[in-house]
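The next block is my_file_26.csv, given as CSV, C-alpha atoms and all ligand atoms.
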chain,number,residue,atom,x,y,z
A,9,MET,CA,102.7,144.3,37.1
A,10,ARG,CA,101.5,145.2,40.6
A,11,ARG,CA,98.6,147.5,41.0
A,12,VAL,CA,99.7,151.1,40.6
A,13,SER,CA,97.7,154.0,41.7
A,14,GLY,CA,97.5,157.4,40.1
A,15,LYS,CA,95.7,159.1,37.3
A,16,VAL,CA,96.8,159.9,33.8
A,17,LEU,CA,95.5,162.6,31.6
A,18,VAL,CA,95.0,161.3,28.1
A,19,LEU,CA,95.1,163.8,25.3
A,20,ASN,CA,93.9,163.4,21.8
A,21,ASN,CA,96.4,163.8,19.0
A,22,ASN,CA,95.5,167.5,18.8
A,23,TYR,CA,96.3,167.9,22.5
A,24,GLU,CA,92.6,168.2,23.5
A,25,PRO,CA,91.9,166.4,26.8
A,26,LEU,CA,90.1,163.1,26.1
A,27,ASN,CA,89.8,161.3,29.4
A,28,ILE,CA,91.4,160.5,32.7
A,29,SER,CA,92.8,157.0,32.7
A,30,THR,CA,94.4,154.6,35.1
A,31,VAL,CA,98.2,154.2,34.9
A,32,ARG,CA,97.7,150.6,33.8
A,33,ARG,CA,95.6,151.6,30.8
A,34,ALA,CA,97.9,154.4,29.9
A,35,LEU,CA,101.0,152.1,30.0
A,36,ARG,CA,99.2,149.7,27.7
A,37,LEU,CA,98.6,152.4,25.2
A,38,ILE,CA,102.2,153.4,25.3
A,39,LEU,CA,103.5,149.8,25.0
A,40,LEU,CA,101.2,149.2,22.1
A,41,GLY,CA,102.7,152.3,20.4
A,42,LYS,CA,99.3,154.1,20.4
A,43,ALA,CA,100.4,156.9,22.7
A,44,GLU,CA,103.4,158.9,23.7
A,45,VAL,CA,104.4,160.3,27.1
A,46,ILE,CA,104.2,164.0,27.4
A,47,TYR,CA,104.9,164.2,31.1
A,48,SER,CA,105.9,161.6,33.7
A,49,TYR,CA,105.6,161.9,37.5
A,50,ASP,CA,109.1,162.7,38.8
A,51,GLY,CA,111.0,160.0,40.5
A,52,GLU,CA,108.3,157.3,40.3
A,53,LEU,CA,109.3,154.2,38.4
A,54,LEU,CA,107.0,151.3,37.6
A,55,ARG,CA,108.6,147.9,37.3
A,56,ALA,CA,107.3,145.2,35.0
A,57,GLU,CA,109.5,142.2,34.6
A,58,LYS,CA,113.0,143.6,34.3
A,59,VAL,CA,112.0,147.0,32.8
A,60,ALA,CA,111.3,150.2,34.7
A,61,PHE,CA,109.1,152.8,33.2
A,62,PRO,CA,108.6,156.3,34.5
A,63,LYS,CA,105.0,156.7,35.7
A,64,PRO,CA,103.1,158.7,33.1
A,65,SER,CA,101.1,161.7,34.0
A,66,VAL,CA,100.1,163.1,30.6
A,67,ILE,CA,100.0,161.0,27.4
A,68,ARG,CA,99.0,161.9,23.9
A,69,LEU,CA,97.4,159.5,21.4
A,70,LEU,CA,99.4,159.2,18.2
A,71,ARG,CA,96.3,159.1,16.1
A,72,TYR,CA,93.4,161.4,16.3
A,73,VAL,CA,90.2,159.8,17.6
A,74,LYS,CA,86.8,161.2,16.9
A,75,ILE,CA,84.7,160.9,20.0
A,76,ARG,CA,81.7,162.9,20.9
A,77,ARG,CA,80.7,161.8,24.4
A,78,GLU,CA,77.8,163.1,26.2
A,79,VAL,CA,77.0,163.2,29.9
A,80,PRO,CA,73.9,161.1,30.5
A,81,LEU,CA,70.9,163.0,31.8
A,82,THR,CA,70.3,161.5,35.2
A,83,LYS,CA,69.2,162.8,38.6
A,84,LYS,CA,72.6,162.2,39.9
A,85,ASN,CA,74.3,164.1,37.1
A,86,ILE,CA,71.9,167.1,37.5
A,87,LEU,CA,72.9,167.3,41.2
A,88,LYS,CA,76.6,167.1,40.3
A,89,ARG,CA,76.3,169.7,37.6
A,90,ASP,CA,74.6,172.0,40.1
A,91,ASN,CA,77.3,171.2,42.7
A,92,TYR,CA,74.7,169.8,45.1
A,93,THR,CA,73.4,173.4,45.6
A,94,CYS,CA,69.8,174.5,45.5
A,95,GLN,CA,69.6,176.7,42.3
A,96,TYR,CA,67.0,179.0,44.0
A,97,CYS,CA,68.4,179.7,47.5
A,98,GLY,CA,72.0,178.6,47.1
A,99,ARG,CA,71.9,176.3,50.1
A,100,ARG,CA,73.7,173.0,50.2
A,101,ASP,CA,72.7,171.7,53.6
A,102,LEU,CA,69.0,170.8,52.8
A,103,PRO,CA,67.5,167.7,51.3
A,104,LEU,CA,67.7,168.2,47.5
A,105,THR,CA,65.2,167.4,44.8
A,106,ILE,CA,65.1,167.9,41.1
A,107,ASP,CA,62.9,170.7,39.9
A,108,HIS,CA,61.4,171.2,36.4
A,109,VAL,CA,62.0,174.9,35.8
A,110,ILE,CA,59.0,175.0,33.4
A,111,PRO,CA,56.6,172.6,35.1
A,112,LYS,CA,55.6,169.4,33.2
A,113,ARG,CA,52.0,170.6,33.3
A,114,LEU,CA,53.1,173.7,31.2
A,115,GLY,CA,54.9,171.6,28.7
A,116,GLY,CA,58.3,171.6,30.5
A,117,LYS,CA,60.6,168.8,29.3
A,118,ASP,CA,63.1,166.5,30.9
A,119,THR,CA,66.2,168.3,29.5
A,120,TRP,CA,69.4,169.7,30.9
A,121,GLU,CA,68.0,173.2,30.3
A,122,ASN,CA,64.8,172.5,32.2
A,123,LEU,CA,66.0,170.5,35.2
A,124,VAL,CA,67.7,171.9,38.2
A,125,CYS,CA,68.7,171.0,41.7
A,126,ALA,CA,66.3,172.5,44.3
A,127,CYS,CA,66.0,172.1,48.0
A,128,VAL,CA,62.7,170.6,49.3
A,129,TYR,CA,61.6,174.0,50.6
A,130,CYS,CA,62.2,175.9,47.4
A,131,ASN,CA,60.6,173.1,45.4
A,132,ASN,CA,57.5,173.2,47.6
A,133,ARG,CA,57.3,176.9,47.5
A,134,LYS,CA,57.6,177.0,43.7
A,135,GLY,CA,55.1,174.3,43.3
A,136,ASP,CA,53.6,173.9,39.9
A,137,ARG,CA,54.6,177.3,38.7
A,138,THR,CA,57.4,178.9,36.6
A,139,PRO,CA,60.1,180.8,38.5
A,140,GLU,CA,58.5,184.1,37.3
A,141,GLN,CA,55.1,183.1,38.5
A,142,ALA,CA,56.6,182.0,41.9
A,143,GLY,CA,58.7,185.2,42.1
A,144,MET,CA,61.9,183.0,42.3
A,145,LYS,CA,65.1,183.4,40.4
A,146,LEU,CA,67.6,180.8,39.3
A,147,LEU,CA,71.2,181.3,40.4
A,148,ARG,CA,72.4,180.5,36.9
A,149,LYS,CA,70.9,179.4,33.6
A,150,PRO,CA,71.0,175.6,33.5
A,151,ARG,CA,73.0,174.2,30.6
A,152,LYS,CA,74.1,170.9,29.2
A,153,PRO,CA,77.6,170.3,30.6
A,154,SER,CA,80.5,169.5,28.4
A,155,TYR,CA,81.8,166.0,28.9
A,156,PHE,CA,85.3,166.8,29.9
A,157,VAL,CA,84.5,169.7,32.1
A,158,PHE,CA,81.9,167.4,33.8
A,159,ILE,CA,84.3,164.5,34.4
A,160,THR,CA,87.0,166.8,35.9
A,161,GLN,CA,84.5,168.7,38.0
A,162,GLY,CA,85.4,168.4,41.7
A,163,ILE,CA,88.4,166.1,41.2
A,164,ARG,CA,91.8,166.9,42.6
A,165,ILE,CA,94.3,167.6,39.8
A,166,PRO,CA,97.3,165.3,40.6
A,167,ASP,CA,99.8,167.2,38.6
A,168,GLU,CA,100.1,171.0,38.0
A,169,ARG,CA,101.2,170.3,34.4
A,170,TRP,CA,97.7,169.1,33.5
A,171,LYS,CA,96.3,172.6,34.0
A,172,PRO,CA,97.2,174.2,30.7
A,173,PHE,CA,95.5,171.3,28.9
A,174,LEU,CA,92.4,171.7,31.0
A,175,PHE,CA,92.4,175.5,30.6
A,176,LEU,CA,92.6,175.8,34.4
A,177,ASP,CA,95.0,178.2,36.2
A,201,ZN,ZN,66.4,176.2,48.1

Would you kindly transcribe this structure into structure tokens?
Ligand SMILES: [Zn+2]
Amino acid sequence: MRRVSGKVLVLNNNYEPLNISTVRRALRLILLGKAEVIYSYDGELLRAEKVAFPKPSVIRLLRYVKIRREVPLTKKNILKRDNYTCQYCGRRDLPLTIDHVIPKRLGGKDTWENLVCACVYCNNRKGDRTPEQAGMKLLRKPRKPSYFVFITQGIRIPDERWKPFLFLD
């Protein structure tokens, strides 16, 4: 089959979103009898050999899979979680660093709850102090992101019908 573009929302058997897949992988799941099509993109047919398939948009696995995926704690992912925004001044147009909210010197750990995106100026100003000691306030409390929210953050949803599954409106 020729290369087809597009994204497919894969739901677990209980309709919870599981991942976003390529059309090719989604079709493989359907052809293997492991998933069913919930929605197809209108009017788009994929041809393989002599058969034409509607291009899937949302599919659902026929068996429940137990997966607990976690977002790896990396500098890149901290920046993404914080939407590339300094968590002290709210600016996005300055060079960004990663700040330990509770400094390492005071026992602060490398965790989702203790690392935030900070611009170089705020990071320098805060120095080796807690936000309270520096008289600075975080825009929001840093948390560990949920896997699915994280992978869909900032992507353009290709089909309105995905939204109820993603709890978006
Ligand atoms: Zn800042």

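Shortest atom-to-atom contact with A:Ser48 among A:Arg76, A:Lys63, A:Arg133, A:Arg113: A:Lys63, counting all atoms listed in the file.
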
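Take the candidates A:Cys94, A:Ile110, A:Leu40, A:Ala34 and check each one against A:Cys130 using all atoms listed in the file; the shortest distance goes to A:Cys94.
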
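Here atom CA of A:Ile163 and atom CA of A:Lys145 stand 29.0 Å from one another.
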
Original post:
Do you know which residues are at most 12 Å from A:Val157 counting only C-alpha atoms, after dropping those on the same chain fewer than 3 positions away, and could you put them as a VMD selection string?
Top reply: chain A and resid 24 to 28 77 to 79 88 to 89 152 to 154 160 to 163 173 to 176

Restricted to C-alpha atoms, what would the selected residues look like written as a PDB file, in the coordinates of the input?
ATOM      1  CA  GLU A  24      92.600 168.200  23.500  1.00  0.00           C
ATOM      2  CA  PRO A  25      91.900 166.400  26.800  1.00  0.00           C
ATOM      3  CA  LEU A  26      90.100 163.100  26.100  1.00  0.00           C
ATOM      4  CA  ASN A  27      89.800 161.300  29.400  1.00  0.00           C
ATOM      5  CA  ILE A  28      91.400 160.500  32.700  1.00  0.00           C
ATOM      6  CA  ARG A  77      80.700 161.800  24.400  1.00  0.00           C
ATOM      7  CA  GLU A  78      77.800 163.100  26.200  1.00  0.00           C
ATOM      8  CA  VAL A  79      77.000 163.200  29.900  1.00  0.00           C
ATOM      9  CA  LYS A  88      76.600 167.100  40.300  1.00  0.00           C
ATOM     10  CA  ARG A  89      76.300 169.700  37.600  1.00  0.00           C
ATOM     11  CA  LYS A 152      74.100 170.900  29.200  1.00  0.00           C
ATOM     12  CA  PRO A 153      77.600 170.300  30.600  1.00  0.00           C
ATOM     13  CA  SER A 154      80.500 169.500  28.400  1.00  0.00           C
ATOM     14  CA  THR A 160      87.000 166.800  35.900  1.00  0.00           C
ATOM     15  CA  GLN A 161      84.500 168.700  38.000  1.00  0.00           C
ATOM     16  CA  GLY A 162      85.400 168.400  41.700  1.00  0.00           C
ATOM     17  CA  ILE A 163      88.400 166.100  41.200  1.00  0.00           C
ATOM     18  CA  PHE A 173      95.500 171.300  28.900  1.00  0.00           C
ATOM     19  CA  LEU A 174      92.400 171.700  31.000  1.00  0.00           C
ATOM     20  CA  PHE A 175      92.400 175.500  30.600  1.00  0.00           C
ATOM     21  CA  LEU A 176      92.600 175.800  34.400  1.00  0.00           C
TER      22      LEU A 176
END

Restricting to only C-alpha atoms, whichever of A:Val45, A:Ile67, A:Ala60, A:Leu102 is closest to A:Ser29 is A:Ile67

Counting only C-alpha atoms and all ligand atoms, which residues of chain A fall within 8 Å of ligand ZN 201 (chain A), and what is the closest atom pair for each with its distance in Å at one decimal, ordered by chain and rising number, as a tab-separated table?
residue	atom	partner	partner_atom	distance
A:Thr93	CA	A:ZN201	ZN	7.9
A:Cys94	CA	A:ZN201	ZN	4.6
A:Gln95	CA	A:ZN201	ZN	6.6
A:Tyr96	CA	A:ZN201	ZN	5.0
A:Cys97	CA	A:ZN201	ZN	4.1
A:Gly98	CA	A:ZN201	ZN	6.2
A:Arg99	CA	A:ZN201	ZN	5.9
A:Leu102	CA	A:ZN201	ZN	7.6
A:Ala126	CA	A:ZN201	ZN	5.3
A:Cys127	CA	A:ZN201	ZN	4.1
A:Val128	CA	A:ZN201	ZN	6.8
A:Tyr129	CA	A:ZN201	ZN	5.8
A:Cys130	CA	A:ZN201	ZN	4.3
A:Asn131	CA	A:ZN201	ZN	7.1

| message | Counting only C-alpha atoms, which residue out of A:Met144, A:Pro172, A:Pro111, A:Leu69 sits closest to A:Gly41? | response |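 Smallest separation from A:Gly41 among the options: A:Leu69.
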
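When all atoms listed in the file are used to compute distances to A:Phe158, the closest of the residues A:Lys58, A:Asn20, A:Asn85, A:Pro64 turns out to be A:Asn85.
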
Problem - Residues within 6 Å of A:Asn122, all atoms listed in the file, excluding chain neighbours under 3 positions, as a list in words - result: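 The filter keeps His108, Val109 and Thr119 of chain A.
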
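Here atom CA of A:Lys42 and atom CA of A:Val73 stand 11.1 Å from one another.
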
ask   = Can you list, as a PyMOL selection string, every protein, DNA or RNA residue that comes within 10 Å of A:Lys15 when you count only C-alpha atoms, leaving out same-chain residues fewer than 2 positions away?
value = chain A and resi 12-13+17-18+28-34+63-66+165-167

Q) So how many Å separate atom CA of A:Arg100 and atom CA of A:Arg148, to one decimal? A)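 If I compute the distance from atom CA of A:Arg100 to atom CA of A:Arg148, I get 15.3 Å.
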
Counting all atoms listed in the file, the residue among A:Thr82, A:Glu140, A:Thr105, A:Asp90 that lies closest to A:Asp118 is A:Thr82

Dump N, CA, C and O atoms of stretch 127-160 of chain A from the given block, as a PDB file, in the first residue's frame.
ATOM      1  N   CYS A 127      12.876  31.309  32.798  1.00  0.00           N
ATOM      2  CA  CYS A 127      13.744  32.057  31.887  1.00  0.00           C
ATOM      3  C   CYS A 127      15.071  32.321  32.607  1.00  0.00           C
ATOM      4  O   CYS A 127      15.152  32.238  33.836  1.00  0.00           O
ATOM      5  N   VAL A 128      16.093  32.644  31.844  1.00  0.00           N
ATOM      6  CA  VAL A 128      17.411  32.841  32.455  1.00  0.00           C
ATOM      7  C   VAL A 128      17.388  33.948  33.508  1.00  0.00           C
ATOM      8  O   VAL A 128      18.055  33.849  34.527  1.00  0.00           O
ATOM      9  N   TYR A 129      16.574  34.983  33.264  1.00  0.00           N
ATOM     10  CA  TYR A 129      16.549  36.099  34.207  1.00  0.00           C
ATOM     11  C   TYR A 129      15.925  35.685  35.537  1.00  0.00           C
ATOM     12  O   TYR A 129      16.460  35.974  36.601  1.00  0.00           O
ATOM     13  N   CYS A 130      14.773  35.014  35.468  1.00  0.00           N
ATOM     14  CA  CYS A 130      14.136  34.568  36.712  1.00  0.00           C
ATOM     15  C   CYS A 130      15.021  33.556  37.437  1.00  0.00           C
ATOM     16  O   CYS A 130      15.122  33.574  38.659  1.00  0.00           O
ATOM     17  N   ASN A 131      15.650  32.680  36.661  1.00  0.00           N
ATOM     18  CA  ASN A 131      16.498  31.670  37.284  1.00  0.00           C
ATOM     19  C   ASN A 131      17.673  32.342  38.017  1.00  0.00           C
ATOM     20  O   ASN A 131      17.988  31.987  39.156  1.00  0.00           O
ATOM     21  N   ASN A 132      18.273  33.341  37.393  1.00  0.00           N
ATOM     22  CA  ASN A 132      19.374  34.064  38.047  1.00  0.00           C
ATOM     23  C   ASN A 132      18.899  34.813  39.271  1.00  0.00           C
ATOM     24  O   ASN A 132      19.563  34.821  40.301  1.00  0.00           O
ATOM     25  N   ARG A 133      17.733  35.429  39.137  1.00  0.00           N
ATOM     26  CA  ARG A 133      17.202  36.220  40.244  1.00  0.00           C
ATOM     27  C   ARG A 133      16.889  35.329  41.446  1.00  0.00           C
ATOM     28  O   ARG A 133      17.155  35.669  42.590  1.00  0.00           O
ATOM     29  N   LYS A 134      16.330  34.166  41.136  1.00  0.00           N
ATOM     30  CA  LYS A 134      15.949  33.244  42.214  1.00  0.00           C
ATOM     31  C   LYS A 134      17.192  32.653  42.873  1.00  0.00           C
ATOM     32  O   LYS A 134      17.249  32.510  44.099  1.00  0.00           O
ATOM     33  N   GLY A 135      18.168  32.363  42.034  1.00  0.00           N
ATOM     34  CA  GLY A 135      19.419  31.815  42.556  1.00  0.00           C
ATOM     35  C   GLY A 135      19.196  30.531  43.326  1.00  0.00           C
ATOM     36  O   GLY A 135      18.376  29.708  42.948  1.00  0.00           O
ATOM     37  N   ASP A 136      19.901  30.421  44.427  1.00  0.00           N
ATOM     38  CA  ASP A 136      19.883  29.189  45.208  1.00  0.00           C
ATOM     39  C   ASP A 136      18.873  29.281  46.352  1.00  0.00           C
ATOM     40  O   ASP A 136      19.152  28.875  47.464  1.00  0.00           O
ATOM     41  N   ARG A 137      17.693  29.858  46.047  1.00  0.00           N
ATOM     42  CA  ARG A 137      16.689  30.055  47.100  1.00  0.00           C
ATOM     43  C   ARG A 137      15.372  29.398  46.720  1.00  0.00           C
ATOM     44  O   ARG A 137      15.128  29.092  45.551  1.00  0.00           O
ATOM     45  N   THR A 138      14.515  29.255  47.706  1.00  0.00           N
ATOM     46  CA  THR A 138      13.158  28.772  47.405  1.00  0.00           C
ATOM     47  C   THR A 138      12.383  29.969  46.833  1.00  0.00           C
ATOM     48  O   THR A 138      12.796  31.120  47.011  1.00  0.00           O
ATOM     49  N   PRO A 139      11.243  29.716  46.161  1.00  0.00           N
ATOM     50  CA  PRO A 139      10.460  30.850  45.640  1.00  0.00           C
ATOM     51  C   PRO A 139      10.072  31.819  46.762  1.00  0.00           C
ATOM     52  O   PRO A 139      10.111  33.037  46.570  1.00  0.00           O
ATOM     53  N   GLU A 140       9.728  31.299  47.931  1.00  0.00           N
ATOM     54  CA  GLU A 140       9.345  32.153  49.054  1.00  0.00           C
ATOM     55  C   GLU A 140      10.515  33.042  49.460  1.00  0.00           C
ATOM     56  O   GLU A 140      10.353  34.256  49.631  1.00  0.00           O
ATOM     57  N   GLN A 141      11.690  32.444  49.600  1.00  0.00           N
ATOM     58  CA  GLN A 141      12.865  33.219  49.997  1.00  0.00           C
ATOM     59  C   GLN A 141      13.193  34.299  48.972  1.00  0.00           C
ATOM     60  O   GLN A 141      13.660  35.374  49.323  1.00  0.00           O
ATOM     61  N   ALA A 142      12.916  33.976  47.687  1.00  0.00           N
ATOM     62  CA  ALA A 142      13.242  34.934  46.626  1.00  0.00           C
ATOM     63  C   ALA A 142      12.092  35.901  46.366  1.00  0.00           C
ATOM     64  O   ALA A 142      12.221  36.804  45.542  1.00  0.00           O
ATOM     65  N   GLY A 143      10.967  35.695  47.058  1.00  0.00           N
ATOM     66  CA  GLY A 143       9.795  36.537  46.827  1.00  0.00           C
ATOM     67  C   GLY A 143       9.213  36.353  45.437  1.00  0.00           C
ATOM     68  O   GLY A 143       8.718  37.301  44.820  1.00  0.00           O
ATOM     69  N   MET A 144       9.281  35.120  44.936  1.00  0.00           N
ATOM     70  CA  MET A 144       8.756  34.837  43.602  1.00  0.00           C
ATOM     71  C   MET A 144       7.655  33.803  43.704  1.00  0.00           C
ATOM     72  O   MET A 144       7.658  32.982  44.605  1.00  0.00           O
ATOM     73  N   LYS A 145       6.720  33.867  42.744  1.00  0.00           N
ATOM     74  CA  LYS A 145       5.580  32.968  42.825  1.00  0.00           C
ATOM     75  C   LYS A 145       5.468  32.155  41.531  1.00  0.00           C
ATOM     76  O   LYS A 145       5.627  32.705  40.436  1.00  0.00           O
ATOM     77  N   LEU A 146       5.198  30.884  41.693  1.00  0.00           N
ATOM     78  CA  LEU A 146       5.001  30.042  40.505  1.00  0.00           C
ATOM     79  C   LEU A 146       3.626  30.313  39.902  1.00  0.00           C
ATOM     80  O   LEU A 146       2.655  30.501  40.632  1.00  0.00           O
ATOM     81  N   LEU A 147       3.540  30.297  38.587  1.00  0.00           N
ATOM     82  CA  LEU A 147       2.253  30.497  37.911  1.00  0.00           C
ATOM     83  C   LEU A 147       1.283  29.370  38.242  1.00  0.00           C
ATOM     84  O   LEU A 147       0.087  29.567  38.356  1.00  0.00           O
ATOM     85  N   ARG A 148       1.817  28.163  38.341  1.00  0.00           N
ATOM     86  CA  ARG A 148       0.964  27.027  38.716  1.00  0.00           C
ATOM     87  C   ARG A 148       1.841  25.969  39.364  1.00  0.00           C
ATOM     88  O   ARG A 148       3.049  25.938  39.175  1.00  0.00           O
ATOM     89  N   LYS A 149       1.169  25.125  40.112  1.00  0.00           N
ATOM     90  CA  LYS A 149       1.876  24.084  40.833  1.00  0.00           C
ATOM     91  C   LYS A 149       2.344  23.018  39.843  1.00  0.00           C
ATOM     92  O   LYS A 149       1.528  22.493  39.079  1.00  0.00           O
ATOM     93  N   PRO A 150       3.634  22.727  39.822  1.00  0.00           N
ATOM     94  CA  PRO A 150       4.089  21.721  38.851  1.00  0.00           C
ATOM     95  C   PRO A 150       3.630  20.307  39.224  1.00  0.00           C
ATOM     96  O   PRO A 150       3.698  19.916  40.388  1.00  0.00           O
ATOM     97  N   ARG A 151       3.143  19.594  38.225  1.00  0.00           N
ATOM     98  CA  ARG A 151       2.650  18.235  38.457  1.00  0.00           C
ATOM     99  C   ARG A 151       3.209  17.303  37.396  1.00  0.00           C
ATOM    100  O   ARG A 151       3.600  17.730  36.316  1.00  0.00           O
ATOM    101  N   LYS A 152       3.099  16.050  37.714  1.00  0.00           N
ATOM    102  CA  LYS A 152       3.456  15.034  36.737  1.00  0.00           C
ATOM    103  C   LYS A 152       2.333  14.981  35.699  1.00  0.00           C
ATOM    104  O   LYS A 152       1.164  14.855  36.061  1.00  0.00           O
ATOM    105  N   PRO A 153       2.652  15.060  34.407  1.00  0.00           N
ATOM    106  CA  PRO A 153       1.566  15.056  33.415  1.00  0.00           C
ATOM    107  C   PRO A 153       1.035  13.657  33.152  1.00  0.00           C
ATOM    108  O   PRO A 153       1.782  12.682  33.266  1.00  0.00           O
ATOM    109  N   SER A 154      -0.236  13.585  32.808  1.00  0.00           N
ATOM    110  CA  SER A 154      -0.769  12.281  32.441  1.00  0.00           C
ATOM    111  C   SER A 154      -0.326  11.988  31.017  1.00  0.00           C
ATOM    112  O   SER A 154      -0.182  12.892  30.188  1.00  0.00           O
ATOM    113  N   TYR A 155      -0.063  10.737  30.741  1.00  0.00           N
ATOM    114  CA  TYR A 155       0.527  10.359  29.461  1.00  0.00           C
ATOM    115  C   TYR A 155      -0.283  10.843  28.277  1.00  0.00           C
ATOM    116  O   TYR A 155       0.222  11.469  27.364  1.00  0.00           O
ATOM    117  N   PHE A 156      -1.577  10.586  28.283  1.00  0.00           N
ATOM    118  CA  PHE A 156      -2.357  10.900  27.098  1.00  0.00           C
ATOM    119  C   PHE A 156      -2.542  12.404  26.912  1.00  0.00           C
ATOM    120  O   PHE A 156      -2.451  12.915  25.809  1.00  0.00           O
ATOM    121  N   VAL A 157      -2.766  13.092  28.014  1.00  0.00           N
ATOM    122  CA  VAL A 157      -2.880  14.555  27.934  1.00  0.00           C
ATOM    123  C   VAL A 157      -1.583  15.105  27.344  1.00  0.00           C
ATOM    124  O   VAL A 157      -1.583  15.982  26.486  1.00  0.00           O
ATOM    125  N   PHE A 158      -0.481  14.526  27.789  1.00  0.00           N
ATOM    126  CA  PHE A 158       0.826  14.999  27.342  1.00  0.00           C
ATOM    127  C   PHE A 158       1.030  14.786  25.847  1.00  0.00           C
ATOM    128  O   PHE A 158       1.464  15.682  25.145  1.00  0.00           O
ATOM    129  N   ILE A 159       0.694  13.590  25.349  1.00  0.00           N
ATOM    130  CA  ILE A 159       0.982  13.357  23.933  1.00  0.00           C
ATOM    131  C   ILE A 159       0.034  14.119  23.016  1.00  0.00           C
ATOM    132  O   ILE A 159       0.336  14.348  21.868  1.00  0.00           O
ATOM    133  N   THR A 160      -1.128  14.539  23.534  1.00  0.00           N
ATOM    134  CA  THR A 160      -2.041  15.287  22.669  1.00  0.00           C
ATOM    135  C   THR A 160      -1.867  16.797  22.826  1.00  0.00           C
ATOM    136  O   THR A 160      -2.477  17.564  22.095  1.00  0.00           O
TER     137      THR A 160
END
